[in-house]
Every structure is written in structure tokens, then in C-alpha cells.
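File shown: run.csv. Contents: CSV, C-alpha atoms.
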chain,number,residue,atom,x,y,z
A,28,MET,CA,-13.8,-3.8,9.9
A,29,PHE,CA,-17.3,-3.5,8.5
A,30,THR,CA,-18.8,-5.1,11.7
A,31,ALA,CA,-17.1,-2.4,13.8
A,32,LEU,CA,-18.4,0.3,11.4
A,33,PHE,CA,-21.9,-1.1,11.6
A,34,ALA,CA,-21.7,-1.3,15.4
A,35,LEU,CA,-20.6,2.3,15.5
A,36,LEU,CA,-23.4,3.5,13.3
A,37,LEU,CA,-26.0,1.6,15.4
A,38,SER,CA,-24.7,3.2,18.6
A,39,LEU,CA,-25.0,6.7,17.3
A,40,GLN,CA,-28.5,8.1,17.9
A,41,ASP,CA,-28.1,11.3,16.0
A,42,GLY,CA,-26.0,10.0,13.1
A,43,LEU,CA,-22.4,10.9,12.3
A,44,SER,CA,-20.9,14.4,12.7
A,45,LYS,CA,-19.1,15.9,9.8
A,46,GLU,CA,-15.7,15.1,11.4
A,47,GLU,CA,-16.7,11.5,12.1
A,48,PHE,CA,-17.9,11.0,8.6
A,49,GLU,CA,-14.7,12.5,7.1
A,50,LYS,CA,-12.6,10.3,9.4
A,51,LEU,CA,-14.5,7.1,8.4
A,52,HIS,CA,-14.5,8.1,4.7
A,53,ARG,CA,-10.6,8.4,4.8
A,54,GLU,CA,-10.2,5.1,6.6
A,55,LEU,CA,-12.4,3.2,4.2
A,56,GLN,CA,-10.7,4.4,1.0
A,57,PRO,CA,-8.8,1.6,-0.9
A,58,PRO,CA,-5.0,1.9,-0.8
A,59,LYS,CA,-3.4,3.8,-3.7
A,60,ASP,CA,-0.7,1.2,-4.1
A,61,GLY,CA,-2.9,-1.9,-3.9
A,62,PHE,CA,-4.6,-4.1,-6.5
A,63,TRP,CA,-5.2,-1.4,-9.1
A,64,SER,CA,-1.6,-0.2,-9.2
A,65,ILE,CA,-0.8,-3.4,-11.1
A,66,PRO,CA,-1.0,-2.8,-14.9
A,67,TRP,CA,-3.5,-5.5,-15.5
A,68,LYS,CA,-4.3,-6.5,-19.1
A,69,PHE,CA,-7.9,-7.5,-19.9
A,70,SER,CA,-7.0,-9.0,-23.3
A,71,LEU,CA,-5.4,-12.4,-23.1
A,72,MET,CA,-3.6,-11.9,-26.4
A,73,GLU,CA,-2.2,-8.5,-25.4
A,74,ALA,CA,-1.1,-9.9,-22.0
A,75,ARG,CA,0.6,-12.9,-23.8
A,76,GLU,CA,2.5,-10.7,-26.2
A,77,LEU,CA,3.7,-8.4,-23.4
A,78,ALA,CA,4.8,-11.4,-21.3
A,79,VAL,CA,6.8,-12.8,-24.2
A,80,ARG,CA,8.4,-9.4,-25.0
A,81,GLU,CA,9.4,-8.9,-21.3
A,82,ASN,CA,10.2,-12.5,-20.7
A,83,LYS,CA,7.8,-12.6,-17.7
A,84,PRO,CA,5.2,-15.2,-16.7
A,85,LEU,CA,1.6,-14.8,-17.5
A,86,TYR,CA,-0.9,-14.9,-14.6
A,87,VAL,CA,-4.5,-15.7,-15.5
A,88,LEU,CA,-7.2,-15.1,-13.0
A,89,ALA,CA,-10.3,-17.0,-14.2
A,90,PRO,CA,-13.5,-17.9,-12.2
A,91,VAL,CA,-14.5,-21.5,-12.2
A,92,GLY,CA,-17.7,-23.2,-11.1
A,93,HIS,CA,-21.2,-21.9,-10.9
A,94,PRO,CA,-21.4,-18.2,-11.8
A,95,MET,CA,-23.3,-17.4,-8.6
A,96,ALA,CA,-20.5,-18.9,-6.5
A,97,ALA,CA,-17.4,-18.1,-8.6
A,98,SER,CA,-14.4,-17.0,-6.6

Conversion result in C-alpha cells:
Amino acid sequence: MFTALFALLLSLQDGLSKEEFEKLHRELQPPKDGFWSIPWKFSLMEARELAVRENKPLYVLAPVGHPMAAS
């Protein structure tokens, strides 16, 4: 998607019109029901207590490896 956006921007000599900018801006917004709609906990202890209370599994996302190449 970014390649297409970059190609579009390069092809425009005079830049984007207001309508083109607004259209691209709307298309590039993150979805409202995506990743951040999940009630993530940033405290492991708080997440563990909630998982026990609700009888749900605990999902831990932790980077491994070199900090410059962590995924």
C-alpha cells in the first residue's frame, strides 16, 4: 500500500489537491476495531490477576533477540 502511495506522490507534479489528501488520509487511518480495541494490560501482575478471575488464558507478547532486530 505504501509503495502505491509513494508512486502516486511521485507522479503528481503539483502535489495533492485537498480532495486527494482527504481521501488518502481517510484510507490510511488505522481501523477502529483493530489491535487497540483489545483491552491490553501492560502490567504482567494485573494481567495475571484478571486472567485468573475470568478463567482465561494469559497471552504474553515479548520481544526476543537483539534489541535492534526484535520482532

Selected residue, from A:Ser64, A:Glu47, A:Pro58, A:Ala74, that lies nearest to Tyr86 (chain A) when counting all atoms listed in the file: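 Selected residue with least distance to Tyr86 (chain A): A:Ala74.
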
Selection as number ranges by chain: residues within 10 Å of (-7.7, -11.1, -12.5), counting all atoms listed in the file: A: 62, 67-69, 86-90

Separation of CA of Trp63 (chain A) from CA of Glu49 (chain A) in Å: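 Going from CA of Glu49 (chain A) over to CA of Trp63 (chain A), I get 23.4 Å.
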
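CA of Ile65 (chain A) lies 14.4 Å from CA of Pro84 (chain A).
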
Edge lengths and centre in Å to one decimal, as AutoDock Vina command-line options, of the axis-aligned box that encloses all listed atoms of region 44-62 of chain A with 8 Å added on every side?
--center_x -10.8 --center_y 5.9 --center_z 3.1 --size_x 36.2 --size_y 36.0 --size_z 35.2
